[in-house]
Amino acid sequence: MTITNGHTPSTATGPVLGATDVCATGHPYVTEPVAYDAILLAGFGGPEGQDDVIPFLRNVTGGRGIPEERLEEVATHYRHFGGISPINEHNRQLKAALEAELASRGITLPVVWGNRNWAPYMKDAVVEAHERGFRNLIAVATSAYSSYSSCRQYREDFAKALDETGLLGTVHIDKVRQFFDHPGFVEPFNEGVRAAMLDLAAQGIGPAETHVMFATHSIPTTDAERSGPSDIDFGDGGAYAAQHRAVAAVVMAAAATPSLVEPVETPWSLVYQSRSGPPSMPWLEPDINDAIAELDKSTVKAVIIVPLGFVSDHMEVMWDLDNEAMETAQQNGFTAIRVPTPGVNPRYVTGLVDLVMERVTGTTVAERPALTELGPWYDICRPGCCENVRAGFKPAAAGVAP
C-alpha cells in the first residue's frame with residue numbers, strides 16, 4: 001500500500017485497543033466519517049506550587065530509578081519560578097481557545113482535559129467524559145512529533161485510563177494524526193522567524209550573519225531510532241529527527257521572502273536540549289549550548305532560537321532556552337532572539353480544530369494539508385511505532401499492537 005507521502009508503512013491491520021468501530025480495523029488512514037461526542041485535550045501536566053514540584057517530578061520519572069538528588073537539582077528550575085510551571089495555565093487557555101473556535105464554526109464538540117503527570121489526570125478526564133455521557137472521544141495531544149514520549153506514551157496513557165476506570169469497551173479514544181507539518185502548527189514559526197530576521201536587519205545584522213537554531217527536546221538515541229513505523233528507514237534519529245529537519249527546512253524557505261533586505265541564504269541547524277539521562281546513555285546531539293559556543297564568531301553575529309519541538313512555553317522553554325541558551329549566546333557575544341511557540345496563536349488553534357474535523361468528516365488523504373513530503377502522517381499508529389525497549393511493551397490505544 002503506497003501512501004501519498006512516499007513511504008510504505010506496514011499494511012498489518014487488526015483490532016485497535018479502545019478505538020471507535022470505524023478505527024478499530026487498524027488501517028493507516030481513516031477516511032470514513034466518525035461521530036465523536038467530545039475532544040480529549042491530552043497534556044503533559046505541571047506543578048502549580050512549591051509543594052507540587054517533587055511529587056510531580058516523581059510522576060514524570062516513575063519507574064526510571066532517578067535518585068532524589070537529581071530530582072532536587074531539576075526542582076530548582078521550577079522553584080526559580082515559584083514552583084509553578086506555565087503548562088497547566090497554557091492548557092486552560094488552549095481549552096478555552098478551542099471551545100471558542102468550535103463555537104464560532106458551529107461545531108458542537110465539548111472539550112475535556114486530562115494530563116499525564118499532574119491534575120487533572122487522564123483518568124479524571126475519562127471519568128468526566130463518561131459521566132457527561134460521552135462515549136467516542138477524539139484526542140489531541142499537545143505534542144506534534146513522533147517518538148515514545150511525544151506520541152506513544154500518550155497512547156499508553158489512554159489505554160491505562162480506560163483500563164483503570166473499567167471503561168474499556170464503553171468509552172472509545174481515537175487520536176488525531178501527528179501534526180508536525182500541518183500549516184496550523186508551522187505557520188506561527190514562519191511568522192516568528194521572519195519577524196526575528198527583520199528585527200535583526202533593523203539592528204544592522206544581515207541574514208548571512210545570522211544562524212537559526214531549531215531546538216527540540218533531546219531523547220535517547222534508542223527511542224529516536226524506533227520513532228515512527230518500525231518498517232521504514234528514516235535515517236539517523238528516526239522519524240523524530242527526520243520530521244524536525246523537514247519542518248525546519250520549510251520554515252527557512254518561508255523566511256527567505258522578498259520582504260527581507262537581502263536574498264542571502266541563512267545558515268541553520270537542528271539542535272537539542274533538556275537531556276535528562278545518565279551520561280552513559282546516548283541521547284540526540286548536539287546540545288544547543290554546545291552548538292552556540294561552537295559557532296564561528298568571525299562570521300556569525302546573531303542567533304535565532306526556534307523552539308520547534310514545543311507547542312507552548314513551559315519549563316524546558318523558559319529555563320533551558322530563555323535562561324541557559326540566551327545566557328550562552330550572550331557569553332559568546334551573540335545577539336539572540338527566541339521565537340514564540342504556537343501557544344494559542346489563532347492559526348494553531350484553527351489547525352487543531354481542522355485536524356479533528358478531518359476525522360469527523362472522513363477527509364481524504366489527498367485533501368489533507370501537509371507542508372513536508374513526510375506527511376500527512378498516519379491516523380492509526382503502525383505496529384511497533386515509537387517502541388520504548390527499556391520500559392517494555394505496554395498496551396496503547398490509537399494504534400495497531402504491539
# chains A, B, ... in the order shown; residues from 1 in each chain; ligands from 1
$ residues_around --residues "A:Ala255" --least-positions-apart "2" --cutoff "9 Å" --atoms "only C-alpha atoms" --output "list in words"
Asn190, Glu191, Val193, Arg194, Ala195, Met197, Val250, Val251, Met252, Ala253, Thr257 and Leu260 of chain A
$ residues_around --residues "stretch 312-323 of chain A" --least-positions-apart "6" --cutoff "10 Å" --atoms "only C-alpha atoms" --output "NGL selection string"
:A and (45-46 or 77-78 or 80-81 or 84-91 or 94 or 142-143 or 215-217 or 273-274 or 288-289 or 305-306 or 336-338 or 340-345)
$ atom_distance --atom1 "atom CA of A:Ala42" --atom2 "atom CA of A:Val349"
14.6 Å
$ residues_around --residues "A:Ala239" --least-positions-apart "2" --cutoff "10 Å" --atoms "only C-alpha atoms" --output "PyMOL selection string"
chain A and resi 145-147+224-230+232-237+241-245+374+385-386
$ atom_distance --atom1 "atom CA of A:Arg152" --atom2 "atom CA of A:Gly238"
14.5 Å
$ atom_distance --atom1 "atom CA of A:Gly18" --atom2 "atom CA of A:Asp163"
9.4 Å
$ residues_around --residues "A:Ala75" --least-positions-apart "5" --cutoff "10 Å" --atoms "only C-alpha atoms" --output "list in words"
Gln50, Val53, Ile54, Phe56, Leu57, Glu69, Arg70, His80 and Gly83 of chain A
$ write_last_selection --atoms "C-alpha atoms" --output "PDB file, in the first residue's frame"
ATOM      1  CA  GLN A  50       6.206  24.654  45.570  1.00  0.00           C
ATOM      2  CA  VAL A  53       7.294  20.110  42.470  1.00  0.00           C
ATOM      3  CA  ILE A  54       8.872  16.923  43.852  1.00  0.00           C
ATOM      4  CA  PHE A  56       5.286  15.993  40.026  1.00  0.00           C
ATOM      5  CA  LEU A  57       8.882  15.069  39.183  1.00  0.00           C
ATOM      6  CA  GLU A  69      19.247  14.352  44.498  1.00  0.00           C
ATOM      7  CA  ARG A  70      18.747  14.556  40.727  1.00  0.00           C
ATOM      8  CA  HIS A  80      13.000  29.647  40.387  1.00  0.00           C
ATOM      9  CA  GLY A  83       7.190  26.139  41.818  1.00  0.00           C
TER      10      GLY A  83
END
$ residues_around --residues "A:Trp377" --least-positions-apart "3" --cutoff "10 Å" --atoms "only C-alpha atoms" --output "PyMOL selection string"
chain A and resi 3-5+28-29+145-146+176-182+228+365+368+370+373-374+380-381
$ decode --residues "stretch 265-302 of chain A" --atoms "N, CA, C and O atoms" --output "tab-separated table (two decimals), in the first residue's frame"
chain	number	residue	atom	x	y	z
A	265	GLU	N	21.29	33.42	1.70
A	265	GLU	CA	20.99	32.20	2.44
A	265	GLU	C	21.43	32.33	3.90
A	265	GLU	O	22.55	32.79	4.18
A	266	THR	N	20.57	31.92	4.80
A	266	THR	CA	20.87	31.97	6.23
A	266	THR	C	21.18	30.57	6.73
A	266	THR	O	20.39	29.65	6.52
A	267	PRO	N	22.33	30.38	7.38
A	267	PRO	CA	22.66	29.05	7.89
A	267	PRO	C	21.74	28.65	9.04
A	267	PRO	O	21.29	29.50	9.82
A	268	TRP	N	21.44	27.36	9.12
A	268	TRP	CA	20.59	26.87	10.20
A	268	TRP	C	21.02	25.47	10.61
A	268	TRP	O	21.74	24.78	9.88
A	269	SER	N	20.55	25.04	11.78
A	269	SER	CA	20.88	23.69	12.26
A	269	SER	C	19.80	23.22	13.23
A	269	SER	O	19.06	24.02	13.80
A	270	LEU	N	19.71	21.91	13.37
A	270	LEU	CA	18.82	21.29	14.35
A	270	LEU	C	19.64	20.97	15.59
A	270	LEU	O	20.67	20.30	15.49
A	271	VAL	N	19.18	21.46	16.74
A	271	VAL	CA	19.90	21.24	17.99
A	271	VAL	C	18.93	20.69	19.03
A	271	VAL	O	17.71	20.73	18.85
A	272	TYR	N	19.50	20.19	20.12
A	272	TYR	CA	18.69	19.52	21.14
A	272	TYR	C	18.93	20.14	22.50
A	272	TYR	O	19.91	20.84	22.74
A	273	GLN	N	18.02	19.86	23.41
A	273	GLN	CA	18.07	20.45	24.74
A	273	GLN	C	17.43	19.51	25.76
A	273	GLN	O	16.79	18.53	25.39
A	274	SER	N	17.64	19.83	27.02
A	274	SER	CA	16.88	19.23	28.13
A	274	SER	C	17.11	17.74	28.31
A	274	SER	O	16.23	17.04	28.82
A	275	ARG	N	18.28	17.22	27.93
A	275	ARG	CA	18.52	15.80	28.17
A	275	ARG	C	18.54	15.53	29.67
A	275	ARG	O	18.98	16.38	30.46
A	276	SER	N	18.07	14.36	30.07
A	276	SER	CA	17.99	14.05	31.49
A	276	SER	C	18.53	12.68	31.84
A	276	SER	O	18.48	12.27	32.99
A	277	GLY	N	19.03	11.95	30.87
A	277	GLY	CA	19.52	10.60	31.13
A	277	GLY	C	20.94	10.58	31.65
A	277	GLY	O	21.64	11.60	31.64
A	278	PRO	N	21.40	9.43	32.12
A	278	PRO	CA	22.77	9.30	32.62
A	278	PRO	C	23.78	9.50	31.48
A	278	PRO	O	23.45	9.24	30.32
A	279	PRO	N	24.98	9.96	31.80
A	279	PRO	CA	26.00	10.20	30.76
A	279	PRO	C	26.31	8.96	29.92
A	279	PRO	O	26.72	9.08	28.77
A	280	SER	N	26.11	7.78	30.51
A	280	SER	CA	26.42	6.55	29.78
A	280	SER	C	25.40	6.22	28.70
A	280	SER	O	25.66	5.38	27.83
A	281	MET	N	24.25	6.89	28.71
A	281	MET	CA	23.19	6.61	27.74
A	281	MET	C	23.24	7.66	26.62
A	281	MET	O	23.11	8.85	26.87
A	282	PRO	N	23.44	7.22	25.37
A	282	PRO	CA	23.49	8.19	24.27
A	282	PRO	C	22.12	8.86	24.03
A	282	PRO	O	21.10	8.19	23.98
A	283	TRP	N	22.15	10.17	23.91
A	283	TRP	CA	20.97	10.96	23.56
A	283	TRP	C	21.28	11.75	22.30
A	283	TRP	O	22.45	11.92	21.92
A	284	LEU	N	20.25	12.26	21.66
A	284	LEU	CA	20.45	13.04	20.44
A	284	LEU	C	21.25	14.31	20.74
A	284	LEU	O	21.02	14.99	21.74
A	285	GLU	N	22.18	14.63	19.86
A	285	GLU	CA	23.05	15.79	20.00
A	285	GLU	C	23.11	16.53	18.65
A	285	GLU	O	22.68	15.98	17.64
A	286	PRO	N	23.63	17.77	18.62
A	286	PRO	CA	24.34	18.48	19.68
A	286	PRO	C	23.40	19.23	20.63
A	286	PRO	O	22.30	19.62	20.25
A	287	ASP	N	23.87	19.43	21.85
A	287	ASP	CA	23.16	20.28	22.80
A	287	ASP	C	23.23	21.72	22.31
A	287	ASP	O	24.25	22.18	21.77
A	288	ILE	N	22.16	22.47	22.50
A	288	ILE	CA	22.10	23.83	21.99
A	288	ILE	C	23.20	24.72	22.54
A	288	ILE	O	23.78	25.54	21.81
A	289	ASN	N	23.55	24.54	23.80
A	289	ASN	CA	24.59	25.39	24.38
A	289	ASN	C	25.95	25.10	23.76
A	289	ASN	O	26.73	26.01	23.48
A	290	ASP	N	26.24	23.82	23.52
A	290	ASP	CA	27.49	23.46	22.85
A	290	ASP	C	27.50	24.02	21.43
A	290	ASP	O	28.53	24.52	20.95
A	291	ALA	N	26.36	23.92	20.76
A	291	ALA	CA	26.28	24.39	19.37
A	291	ALA	C	26.48	25.90	19.28
A	291	ALA	O	27.16	26.39	18.37
A	292	ILE	N	25.92	26.64	20.23
A	292	ILE	CA	26.11	28.10	20.23
A	292	ILE	C	27.57	28.44	20.45
A	292	ILE	O	28.15	29.30	19.75
A	293	ALA	N	28.20	27.77	21.41
A	293	ALA	CA	29.60	28.05	21.74
A	293	ALA	C	30.54	27.74	20.59
A	293	ALA	O	31.62	28.34	20.48
A	294	GLU	N	30.13	26.82	19.72
A	294	GLU	CA	31.00	26.40	18.61
A	294	GLU	C	30.78	27.20	17.33
A	294	GLU	O	31.46	26.97	16.32
A	295	LEU	N	29.85	28.15	17.32
A	295	LEU	CA	29.63	28.97	16.13
A	295	LEU	C	30.88	29.81	15.82
A	295	LEU	O	31.61	30.23	16.71
A	296	ASP	N	31.08	30.07	14.55
A	296	ASP	CA	32.22	30.86	14.09
A	296	ASP	C	31.96	32.34	14.38
A	296	ASP	O	31.15	32.99	13.72
A	297	LYS	N	32.65	32.85	15.36
A	297	LYS	CA	32.42	34.24	15.79
A	297	LYS	C	32.90	35.26	14.76
A	297	LYS	O	32.55	36.44	14.84
A	298	SER	N	33.69	34.81	13.81
A	298	SER	CA	34.15	35.74	12.78
A	298	SER	C	33.10	36.01	11.72
A	298	SER	O	33.19	37.00	10.98
A	299	THR	N	32.09	35.13	11.64
A	299	THR	CA	31.06	35.30	10.62
A	299	THR	C	29.65	35.45	11.20
A	299	THR	O	28.78	36.05	10.56
A	300	VAL	N	29.42	34.92	12.39
A	300	VAL	CA	28.09	34.93	12.99
A	300	VAL	C	28.00	36.05	14.02
A	300	VAL	O	28.85	36.16	14.91
A	301	LYS	N	26.95	36.87	13.90
A	301	LYS	CA	26.71	37.94	14.86
A	301	LYS	C	25.47	37.70	15.71
A	301	LYS	O	25.32	38.29	16.78
A	302	ALA	N	24.55	36.87	15.21
A	302	ALA	CA	23.28	36.70	15.91
A	302	ALA	C	22.78	35.26	15.80
A	302	ALA	O	23.10	34.55	14.84
